[in-house]
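The data block below is input21.txt; it holds compact mmCIF, C-alpha atoms.
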```
# COMPACT_ATOMS: atom_id res chain seq x y z
CA MET A 1 -30.13 -15.13 -31.59
CA THR A 2 -27.44 -13.01 -29.91
CA ASP A 3 -26.11 -9.51 -30.43
CA LEU A 4 -22.58 -10.73 -29.69
CA GLU A 5 -20.36 -10.89 -32.75
CA ALA A 6 -16.77 -12.12 -32.75
CA ASP A 7 -14.22 -10.95 -35.26
CA ARG A 8 -11.27 -12.94 -36.46
CA PHE A 9 -8.22 -11.54 -34.72
CA THR A 10 -4.68 -11.38 -36.07
CA VAL A 11 -1.72 -10.67 -33.81
CA ALA A 12 0.04 -7.79 -35.56
CA ILE A 13 1.97 -5.44 -33.31
CA PRO A 14 3.12 -2.16 -34.93
CA ASP A 15 6.82 -1.74 -35.69
CA GLU A 16 6.80 1.42 -33.56
CA THR A 17 5.78 -0.56 -30.48
CA ILE A 18 8.54 -3.12 -30.99
CA GLY A 19 11.03 -0.33 -31.66
CA ASP A 20 10.08 1.42 -28.43
CA LEU A 21 10.50 -1.86 -26.53
CA LYS A 22 14.03 -2.28 -27.88
CA THR A 23 14.91 1.31 -27.08
CA ARG A 24 13.84 0.78 -23.48
CA LEU A 25 15.76 -2.49 -23.24
CA ARG A 26 18.94 -0.80 -24.47
CA ALA A 27 18.50 2.05 -21.99
CA THR A 28 18.08 -0.19 -18.94
CA ARG A 29 19.72 1.14 -15.80
CA TRP A 30 20.79 -1.97 -13.95
CA PRO A 31 20.66 -2.18 -10.16
CA ALA A 32 23.93 -1.91 -8.27
CA ASP A 33 23.84 -5.51 -7.11
CA VAL A 34 26.40 -6.03 -4.37
CA SER A 35 25.73 -9.76 -4.13
CA ASP A 36 25.04 -11.51 -7.42
CA VAL A 37 26.29 -14.96 -6.47
CA ASP A 38 22.99 -16.70 -5.70
CA GLU A 39 19.22 -16.16 -5.85
CA TYR A 40 18.67 -15.35 -2.19
CA TYR A 41 17.72 -11.76 -3.04
CA GLY A 42 15.94 -12.59 -6.31
CA THR A 43 16.92 -13.19 -9.91
CA PRO A 44 20.66 -12.47 -10.39
CA VAL A 45 21.59 -9.48 -12.55
CA ALA A 46 23.87 -11.65 -14.68
CA TYR A 47 20.97 -13.88 -15.74
CA MET A 48 18.69 -10.91 -16.38
CA LYS A 49 21.36 -9.35 -18.61
CA GLU A 50 21.60 -12.63 -20.52
CA LEU A 51 17.83 -12.71 -21.09
CA VAL A 52 17.71 -9.07 -22.14
CA ASP A 53 20.56 -9.63 -24.60
CA TYR A 54 18.54 -12.50 -26.08
CA TRP A 55 15.39 -10.35 -26.16
CA LEU A 56 17.28 -7.61 -28.02
CA ASN A 57 19.52 -9.54 -30.37
CA GLU A 58 18.18 -13.05 -30.95
CA PHE A 59 14.47 -13.15 -30.24
CA ASP A 60 12.28 -12.72 -33.34
CA TRP A 61 8.89 -11.30 -32.43
CA ARG A 62 7.63 -11.60 -36.00
CA ALA A 63 8.37 -15.34 -35.96
CA ALA A 64 6.56 -15.55 -32.63
CA GLU A 65 3.59 -13.69 -34.13
CA THR A 66 3.43 -16.23 -36.94
CA LYS A 67 3.18 -19.04 -34.39
CA LEU A 68 0.49 -17.20 -32.43
CA ASN A 69 -1.50 -16.72 -35.60
CA GLU A 70 -1.45 -20.45 -36.39
CA TRP A 71 -4.30 -20.71 -33.88
CA ASP A 72 -7.78 -19.48 -34.77
CA ASN A 73 -7.89 -16.20 -32.84
CA TYR A 74 -11.04 -14.17 -32.21
CA ARG A 75 -12.20 -11.15 -30.21
CA VAL A 76 -15.71 -10.42 -29.00
CA THR A 77 -16.92 -7.53 -26.85
CA ILE A 78 -19.13 -8.50 -23.90
CA ASP A 79 -20.54 -5.86 -21.53
CA GLY A 80 -18.03 -3.39 -22.95
CA SER A 81 -15.00 -5.63 -22.36
CA PRO A 82 -13.10 -7.17 -25.28
CA ILE A 83 -12.45 -10.88 -24.85
CA HIS A 84 -9.79 -12.59 -26.92
CA PHE A 85 -9.96 -16.35 -27.36
CA ILE A 86 -8.55 -19.14 -29.46
CA ARG A 87 -10.69 -22.05 -30.57
CA LYS A 88 -10.01 -25.57 -31.76
CA GLN A 89 -13.12 -27.34 -32.98
CA GLY A 90 -13.53 -30.89 -31.81
CA THR A 91 -13.21 -33.94 -34.04
CA GLY A 92 -15.35 -36.84 -32.88
CA PRO A 93 -18.93 -38.12 -32.80
CA ASN A 94 -20.12 -35.62 -30.16
CA PRO A 95 -17.55 -33.04 -28.99
CA ILE A 96 -18.69 -31.11 -25.95
CA PRO A 97 -17.72 -27.44 -25.53
CA LEU A 98 -14.95 -26.76 -23.01
CA ILE A 99 -13.81 -23.31 -21.91
CA ALA A 100 -10.32 -23.45 -20.37
CA THR A 101 -9.01 -20.55 -18.29
CA HIS A 102 -5.41 -19.66 -17.48
CA GLY A 103 -3.86 -17.83 -14.53
CA TRP A 104 -1.26 -15.16 -13.67
CA PRO A 105 1.39 -14.55 -14.99
CA TRP A 106 0.29 -17.10 -17.54
CA SER A 107 -1.20 -16.38 -20.92
CA TYR A 108 -3.56 -18.53 -22.95
CA ARG A 109 -0.42 -20.16 -24.40
CA GLU A 110 0.08 -22.30 -21.29
CA TRP A 111 -2.91 -24.36 -22.48
CA THR A 112 -1.56 -25.00 -25.97
CA LYS A 113 0.09 -28.35 -25.17
CA VAL A 114 -3.27 -29.92 -24.37
CA ILE A 115 -5.66 -28.24 -26.82
CA GLU A 116 -5.19 -30.47 -29.85
CA PRO A 117 -5.24 -33.80 -27.92
CA LEU A 118 -8.45 -32.69 -26.21
CA ALA A 119 -10.03 -31.54 -29.47
CA ASP A 120 -8.95 -34.49 -31.60
CA PRO A 121 -8.17 -37.41 -29.29
CA ALA A 122 -8.10 -40.00 -32.08
CA ALA A 123 -5.17 -38.18 -33.71
CA HIS A 124 -3.27 -38.44 -30.41
CA GLY A 125 -3.92 -42.05 -29.44
CA GLY A 126 -7.22 -41.45 -27.68
CA ASP A 127 -10.88 -42.29 -28.06
CA PRO A 128 -12.78 -39.94 -30.42
CA ALA A 129 -15.74 -40.15 -28.04
CA ASP A 130 -13.68 -37.98 -25.62
CA ALA A 131 -13.50 -35.00 -28.01
CA PHE A 132 -14.00 -31.41 -26.89
CA ASP A 133 -14.61 -28.19 -28.75
CA VAL A 134 -11.91 -26.18 -26.94
CA ILE A 135 -12.16 -22.44 -26.29
CA VAL A 136 -9.26 -20.76 -24.45
CA PRO A 137 -9.83 -17.08 -23.63
CA SER A 138 -7.36 -14.55 -22.34
CA LEU A 139 -8.50 -13.42 -18.91
CA SER A 140 -10.19 -10.03 -18.99
CA GLY A 141 -7.51 -7.36 -18.66
CA PHE A 142 -4.78 -9.81 -19.70
CA GLY A 143 -2.92 -9.74 -23.01
CA PHE A 144 -5.22 -9.31 -25.98
CA SER A 145 -8.35 -9.09 -23.77
CA THR A 146 -7.57 -5.40 -23.24
CA PRO A 147 -8.41 -2.74 -22.45
CA THR A 148 -10.85 -4.25 -19.99
CA ASN A 149 -12.67 -0.87 -19.73
CA ARG A 150 -13.60 -1.73 -16.13
CA PRO A 151 -11.58 -0.86 -13.03
CA ASP A 152 -13.50 -3.46 -10.97
CA MET A 153 -12.75 -6.63 -12.93
CA ASN A 154 -12.14 -9.77 -10.90
CA PHE A 155 -12.65 -13.52 -11.13
CA TRP A 156 -16.37 -13.68 -10.42
CA LYS A 157 -17.07 -10.90 -12.91
CA MET A 158 -14.97 -12.72 -15.50
CA ALA A 159 -17.12 -15.78 -14.91
CA GLU A 160 -20.16 -13.75 -15.98
CA LEU A 161 -18.39 -12.85 -19.24
CA TRP A 162 -17.44 -16.49 -19.83
CA HIS A 163 -21.00 -17.65 -19.25
CA ARG A 164 -22.32 -15.15 -21.77
CA LEU A 165 -19.63 -16.16 -24.24
CA MET A 166 -20.58 -19.83 -23.99
CA THR A 167 -24.37 -19.50 -23.82
CA GLU A 168 -25.07 -16.40 -25.92
CA TYR A 169 -22.25 -16.17 -28.45
CA PHE A 170 -21.74 -19.91 -28.95
CA GLY A 171 -25.35 -20.73 -28.06
CA HIS A 172 -24.59 -23.75 -25.87
CA ASP A 173 -27.31 -24.98 -23.52
CA LYS A 174 -24.62 -26.82 -21.59
CA TYR A 175 -20.84 -26.67 -21.52
CA ALA A 176 -17.77 -27.77 -19.57
CA ALA A 177 -15.17 -25.58 -17.88
CA ALA A 178 -11.57 -26.04 -16.80
CA GLY A 179 -9.12 -23.77 -15.02
CA ALA A 180 -5.94 -23.50 -13.01
CA ASP A 181 -4.42 -20.78 -10.80
CA TYR A 182 -6.58 -17.62 -11.10
CA GLY A 183 -8.50 -19.49 -13.78
CA ALA A 184 -9.51 -22.04 -11.15
CA LEU A 185 -11.37 -19.25 -9.36
CA VAL A 186 -13.19 -18.24 -12.56
CA THR A 187 -14.05 -21.89 -13.24
CA SER A 188 -15.12 -22.57 -9.66
CA GLN A 189 -17.46 -19.57 -9.77
CA LEU A 190 -19.05 -21.02 -12.91
CA GLY A 191 -19.44 -24.31 -11.06
CA HIS A 192 -20.99 -22.50 -8.11
CA LYS A 193 -23.43 -20.16 -9.85
CA TYR A 194 -24.18 -22.01 -13.10
CA ALA A 195 -23.98 -25.67 -12.11
CA ASP A 196 -27.21 -26.44 -13.96
CA LYS A 197 -25.62 -25.18 -17.20
CA LEU A 198 -22.45 -27.21 -16.86
CA TYR A 199 -21.54 -30.81 -17.53
CA GLY A 200 -18.98 -30.25 -14.81
CA ILE A 201 -15.64 -28.56 -14.13
CA TRP A 202 -12.00 -29.60 -13.95
CA LEU A 203 -9.52 -27.78 -11.70
CA GLY A 204 -5.75 -27.69 -11.69
CA HIS A 205 -5.89 -26.09 -8.22
CA ARG A 206 -8.46 -26.19 -5.48
CA THR A 207 -8.77 -22.56 -4.42
CA HIS A 208 -11.78 -21.50 -2.41
CA LEU A 209 -13.91 -18.67 -3.73
CA ASP A 210 -13.52 -16.63 -0.54
CA VAL A 211 -9.75 -16.35 -1.01
CA MET A 212 -8.20 -12.87 -0.61
CA GLN A 213 -11.03 -11.73 1.65
CA GLY A 214 -11.23 -10.85 5.31
CA GLU A 215 -8.89 -8.74 7.44
CA ARG A 216 -5.67 -10.22 6.05
CA PRO A 217 -6.38 -10.76 2.35
CA TRP A 218 -2.68 -10.74 1.52
CA ASP A 219 -1.86 -13.55 3.96
CA LEU A 220 -2.62 -17.01 2.59
CA SER A 221 -1.74 -18.47 6.00
CA ARG A 222 -4.56 -16.36 7.49
CA GLY A 223 -2.27 -15.17 10.26
CA ARG A 224 -1.47 -18.61 11.58
CA MET A 225 2.04 -19.20 12.88
CA VAL A 226 3.74 -22.55 12.45
CA PRO A 227 3.38 -24.44 15.75
CA ALA A 228 6.64 -24.80 17.65
CA CYS A 229 6.12 -28.57 17.92
CA THR A 230 6.08 -29.02 14.12
CA PRO A 231 8.85 -31.41 12.96
CA GLY A 232 11.80 -29.54 11.47
CA ASP A 233 11.47 -30.71 7.87
CA ILE A 234 7.74 -30.01 7.74
CA ARG A 235 8.24 -26.64 9.42
CA GLU A 236 10.80 -25.65 6.78
CA ASP A 237 8.47 -26.81 4.02
CA ILE A 238 5.58 -24.74 5.40
CA ILE A 239 7.73 -21.62 5.66
CA GLU A 240 9.14 -22.13 2.16
CA ARG A 241 5.65 -22.48 0.70
CA GLN A 242 4.46 -19.34 2.46
CA GLN A 243 7.46 -17.40 1.18
CA ARG A 244 6.92 -18.72 -2.35
CA PHE A 245 3.65 -16.81 -2.69
CA ALA A 246 3.85 -14.12 0.00
CA SER A 247 5.23 -11.11 -1.89
CA HIS A 248 3.18 -11.90 -4.97
CA VAL A 249 -0.18 -11.86 -3.20
CA ALA A 250 0.70 -9.11 -0.71
CA VAL A 251 1.92 -6.57 -3.28
CA HIS A 252 -0.83 -7.34 -5.78
CA VAL A 253 -3.49 -6.87 -3.11
CA LEU A 254 -1.96 -3.99 -1.15
CA ASP A 255 0.07 -1.96 -3.67
CA SER A 256 -0.87 -2.95 -7.21
CA GLN A 257 -0.96 0.54 -8.71
CA ASP A 258 2.40 1.60 -7.30
CA LEU A 259 4.02 -1.59 -8.57
CA SER A 260 2.44 -0.96 -11.95
CA TYR A 261 4.29 2.31 -12.54
CA GLY A 262 7.59 0.46 -12.59
CA LEU A 263 6.37 -2.60 -14.50
CA ALA A 264 4.52 -0.58 -17.15
CA ASP A 265 7.55 1.67 -17.72
CA SER A 266 10.40 -0.84 -17.66
CA PRO A 267 10.27 -4.07 -19.68
CA VAL A 268 13.16 -5.41 -17.61
CA GLY A 269 11.32 -4.65 -14.37
CA MET A 270 8.21 -6.35 -15.75
CA LEU A 271 10.21 -9.38 -16.89
CA ALA A 272 11.95 -9.68 -13.52
CA TRP A 273 8.65 -9.66 -11.60
CA ILE A 274 6.92 -12.31 -13.71
CA LEU A 275 10.10 -14.37 -14.23
CA ARG A 276 10.42 -14.88 -10.49
CA ARG A 277 6.97 -16.48 -10.44
CA TRP A 278 7.76 -18.76 -13.37
CA THR A 279 10.97 -19.79 -11.58
CA LYS A 280 9.69 -20.26 -8.03
CA TRP A 281 6.29 -21.78 -8.77
CA SER A 282 7.31 -24.28 -11.44
CA GLU A 283 9.12 -27.52 -10.69
CA SER A 284 12.29 -26.01 -12.13
CA GLY A 285 14.78 -26.49 -9.31
CA GLY A 286 15.81 -22.88 -9.97
CA ASP A 287 16.46 -23.50 -13.68
CA VAL A 288 13.38 -21.91 -15.18
CA GLU A 289 14.42 -22.76 -18.73
CA SER A 290 14.19 -26.45 -17.91
CA VAL A 291 10.41 -25.88 -17.80
CA PHE A 292 9.87 -22.86 -20.04
CA PRO A 293 12.16 -22.52 -23.07
CA ARG A 294 13.72 -19.09 -23.42
CA GLU A 295 11.67 -18.34 -26.52
CA HIS A 296 8.48 -19.09 -24.58
CA LEU A 297 9.48 -16.82 -21.69
CA ILE A 298 10.28 -13.89 -23.94
CA THR A 299 7.25 -14.40 -26.17
CA ASN A 300 5.05 -14.18 -23.08
CA ALA A 301 6.96 -11.16 -21.77
CA THR A 302 6.59 -9.40 -25.11
CA LEU A 303 2.89 -10.22 -25.19
CA TRP A 304 2.45 -8.63 -21.76
CA TRP A 305 4.51 -5.61 -22.77
CA VAL A 306 2.98 -4.77 -26.15
CA THR A 307 -0.56 -4.97 -24.75
CA ASN A 308 0.36 -2.82 -21.70
CA SER A 309 -1.79 -5.18 -19.67
CA ILE A 310 0.31 -5.66 -16.57
CA THR A 311 -1.67 -3.09 -14.54
CA SER A 312 -5.13 -4.46 -15.26
CA SER A 313 -3.91 -8.03 -14.78
CA ILE A 314 -2.54 -7.54 -11.28
CA ARG A 315 -5.54 -5.41 -10.31
CA SER A 316 -7.64 -8.57 -10.58
CA TYR A 317 -6.11 -9.57 -7.22
CA VAL A 318 -7.02 -6.48 -5.23
CA ASN A 319 -10.45 -6.49 -6.87
CA ALA A 320 -11.08 -9.95 -5.44
CA ASN A 321 -10.87 -8.21 -2.07
CA ARG A 322 -12.38 -4.82 -2.86
CA TYR A 323 -15.40 -6.39 -4.56
CA PRO A 324 -15.83 -9.54 -2.47
CA TRP A 325 -17.31 -12.74 -3.74
CA THR A 326 -20.76 -13.41 -2.34
CA PRO A 327 -22.52 -16.79 -2.61
CA SER A 328 -25.31 -17.23 -5.13
CA HIS A 329 -26.91 -19.88 -2.90
CA ASP A 330 -26.47 -21.37 0.58
CA ARG A 331 -26.40 -25.03 -0.42
CA THR A 332 -23.53 -27.46 0.01
CA PRO A 333 -21.37 -28.33 -1.66
CA ILE A 334 -20.80 -24.68 -2.47
CA ILE A 335 -19.49 -25.62 -5.91
CA GLU A 336 -22.31 -27.92 -6.98
CA ALA A 337 -21.04 -28.77 -10.47
CA PRO A 338 -19.42 -32.21 -10.63
CA THR A 339 -15.71 -31.57 -10.22
CA GLY A 340 -12.49 -33.26 -11.24
CA ILE A 341 -9.23 -32.11 -9.65
CA THR A 342 -5.63 -32.82 -10.63
CA PHE A 343 -2.88 -32.56 -8.00
CA LEU A 344 0.78 -32.25 -9.03
CA GLY A 345 3.60 -33.31 -6.75
CA TYR A 346 5.58 -30.08 -6.42
CA GLU A 347 2.55 -28.50 -4.76
CA ASN A 348 1.84 -31.28 -2.28
CA PRO A 349 1.08 -29.75 1.13
CA PRO A 350 3.81 -30.12 3.77
CA GLY A 351 3.87 -33.65 5.16
CA VAL A 352 1.66 -34.99 2.33
CA THR A 353 2.96 -37.31 -0.37
CA THR A 354 1.60 -37.93 -3.84
CA GLU A 355 0.47 -41.37 -2.66
CA ASN A 356 -1.77 -39.96 0.09
CA ARG A 357 -2.63 -36.62 -1.59
CA VAL A 358 -6.16 -37.59 -2.61
CA GLN A 359 -7.00 -39.01 0.80
CA ALA A 360 -5.58 -35.91 2.48
CA PHE A 361 -7.94 -33.83 0.36
CA ARG A 362 -10.90 -36.03 1.28
CA ASP A 363 -10.02 -35.77 4.98
CA ASP A 364 -9.55 -31.98 5.00
CA VAL A 365 -12.48 -30.41 6.86
CA TRP A 366 -11.65 -27.07 5.23
CA ASP A 367 -12.37 -28.52 1.78
CA LYS A 368 -15.40 -30.67 2.63
CA PRO A 369 -18.14 -28.02 2.13
CA TRP A 370 -16.76 -26.81 -1.17
CA TYR A 371 -16.61 -29.51 -3.82
CA ASN A 372 -18.81 -32.09 -5.50
CA ALA A 373 -15.74 -34.15 -6.34
CA VAL A 374 -16.31 -36.96 -8.83
CA TYR A 375 -12.71 -37.48 -9.97
CA LEU A 376 -9.47 -36.92 -8.04
CA ARG A 377 -5.98 -37.85 -9.21
CA ALA A 378 -2.49 -37.07 -7.93
CA HIS A 379 0.63 -37.11 -10.13
CA GLU A 380 4.23 -36.81 -9.04
CA LYS A 381 5.49 -34.63 -11.89
CA GLY A 382 4.81 -30.91 -12.17
CA GLY A 383 4.35 -27.63 -10.37
CA HIS A 384 1.99 -24.69 -10.48
CA PHE A 385 1.63 -24.34 -14.26
CA THR A 386 -0.43 -27.48 -14.51
CA PRO A 387 -1.33 -27.91 -18.22
CA TRP A 388 2.13 -26.78 -19.31
CA GLU A 389 4.22 -28.78 -16.82
CA ASN A 390 2.32 -32.07 -17.00
CA PRO A 391 0.11 -31.97 -20.10
CA GLU A 392 -0.23 -35.77 -20.18
CA ALA A 393 -1.82 -35.77 -16.73
CA VAL A 394 -4.16 -32.92 -17.61
CA ILE A 395 -5.30 -34.56 -20.85
CA GLU A 396 -5.88 -37.85 -19.06
CA ASP A 397 -7.73 -36.28 -16.13
CA ILE A 398 -9.94 -33.94 -18.15
CA ARG A 399 -10.96 -36.81 -20.40
CA ALA A 400 -11.65 -39.05 -17.41
CA THR A 401 -13.62 -36.38 -15.55
CA PHE A 402 -15.99 -35.64 -18.38
CA ARG A 403 -16.23 -39.24 -19.57
CA LEU A 404 -18.29 -39.66 -16.40
CA LEU A 405 -20.45 -36.63 -17.17
CA ARG A 406 -21.24 -36.59 -20.89
```

Target format structure tokens, applied to this file:
Amino acid sequence: MTDLEADRFTVAIPDETIGDLKTRLRATRWPADVSDVDEYYGTPVAYMKELVDYWLNEFDWRAAETKLNEWDNYRVTIDGSPIHFIRKQGTGPNPIPLIATHGWPWSYREWTKVIEPLADPAAHGGDPADAFDVIVPSLSGFGFSTPTNRPDMNFWKMAELWHRLMTEYFGHDKYAAAGADYGALVTSQLGHKYADKLYGIWLGHRTHLDVMQGERPWDLSRGRMVPACTPGDIREDIIERQQRFASHVAVHVLDSQDLSYGLADSPVGMLAWILRRWTKWSESGGDVESVFPREHLITNATLWWVTNSITSSIRSYVNANRYPWTPSHDRTPIIEAPTGITFLGYENPPGVTTENRVQAFRDDVWDKPWYNAVYLRAHEKGGHFTPWENPEAVIEDIRATFRLLR
């Protein structure tokens, strides 16, 4: 038996909170943008004004709430931290439990395209033997998993909460885990520390557990300059990739609280910060709404705003450095759980094509000690938001990974 009890959860934001949001949107003081002709400096003011007008005058939060409540929502408190999750019970002869973890600035909604096909494969042209009982939590300190009640929350501490959720609340002796972006860190930690309790893990990103540590935690290049002899096109690709993530990681690690004052006070400031990530990291070609419909963008922005969770969410980055990950064992591979990894084309490393992406991973000496890889697959379509941008690939690869491990 367990002392953990989950309550059914209904998304129901008070009218006063929505009214305050609209008041703040109307009172926005726009920057004096002297060059609004391209996106060199960031998201153009004209586009932000268009989105804010939609947020104020067309977007229907109550309709969005109705859609959110179509899922079975729950909240459970573990070690003093509330954890929100949605669940879709599997339909098949032997569904295995799967906990799927999102990233930043995602919400649990970025998993919703794949939940039903994973839970009920027969209803979506698949084999019922591949069914999962799917649990998708909101990361601790994100959205409805607030307030986290802990200033030290980070990915490896979230993994402890997830393990208790799966083994104590649900009572599973064994379970599967999946994750992308920050959720890949949570999932990898489960695969490192609790390999004997897992069927295996699936990752949308291979991100090592010692990321954001050391003397330059904000610098994903680890201080390395691009060699002068690098061919021009590859050099440009390397620099572009570094720039794509540089401000995000640097500010979240070095100045999260100061950023939070602006983002927690201004819904437009908050939207601008997270919108830039949706735009630059997705395979959008600069047209973010080609990947994320406007309603989806503003639903997510409203979710972040009404829960006032932006501060605790970005603190998870600096806490990965302030409270460093330490290994639970000294064996290799470090992540012992059998692992499947999906690679999407927009995030191919410079000079690597989709055709040679898997081999490049196998040849990378940096990756060799980390993974017990049993399934690797590269797909051309898609960017950083893996289960949202290429749900077909994710469904196929998660099924194939765990078909080997059931």

Choose the residue, out of A:Asn300, A:Thr167, A:Asn94, A:Asn57, that has the smallest atom-to-atom separation from Phe142 in chain A; count all atoms listed in the file.
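With all atoms listed in the file as the atom set, the closest residue is A:Asn300.
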
Selected residue of minimal separation from His205 in chain A among A:Lys280, A:His172, A:His102, A:Arg241, counting only C-alpha atoms:
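Once distances to His205 in chain A are computed over only C-alpha atoms, the minimum belongs to A:His102.
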
Quiz prompt | Atomic separation - CA of Thr386 in chain A relative to CA of Pro93 in chain A, Å | solution =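 Answer for the CA of Pro93 in chain A to CA of Thr386 in chain A separation: 28.1 Å.
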
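Here the question is which of A:Phe59, A:Tyr194, A:Phe402, A:Tyr182 gets nearest to Thr207 in chain A using all atoms listed in the file, and that residue is A:Tyr182.
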
Excluding Tyr40 in chain A and its own-chain neighbours fewer than 4 positions away, which residues fall within 12 Å of it when counting only C-alpha atoms? Please give them as an mmCIF file with C-alpha atoms, keeping the file's coordinate frame.
```cif
data_model
loop_
_atom_site.group_PDB
_atom_site.id
_atom_site.type_symbol
_atom_site.label_atom_id
_atom_site.label_comp_id
_atom_site.auth_asym_id
_atom_site.auth_seq_id
_atom_site.Cartn_x
_atom_site.Cartn_y
_atom_site.Cartn_z
ATOM 1 C CA SER A 35 25.730 -9.760 -4.130
ATOM 2 C CA ASP A 36 25.040 -11.510 -7.420
ATOM 3 C CA PRO A 44 20.660 -12.470 -10.390
ATOM 4 C CA GLN A 243 7.460 -17.400 1.180
ATOM 5 C CA ARG A 276 10.420 -14.880 -10.490
ATOM 6 C CA LYS A 280 9.690 -20.260 -8.030
ATOM 7 C CA GLY A 286 15.810 -22.880 -9.970
#
```

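The gap separating CA of Leu198 in chain A from CA of Asn73 in chain A is 24.3 Å, in Å to one decimal.
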
Nearest to Arg150 in chain A, chosen from A:Glu116, A:Glu215, A:Asp79, A:Asp72, with all atoms listed in the file counted in the distances: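 Among A:Glu116, A:Glu215, A:Asp79, A:Asp72, it is A:Asp79 that comes nearest to Arg150 in chain A.
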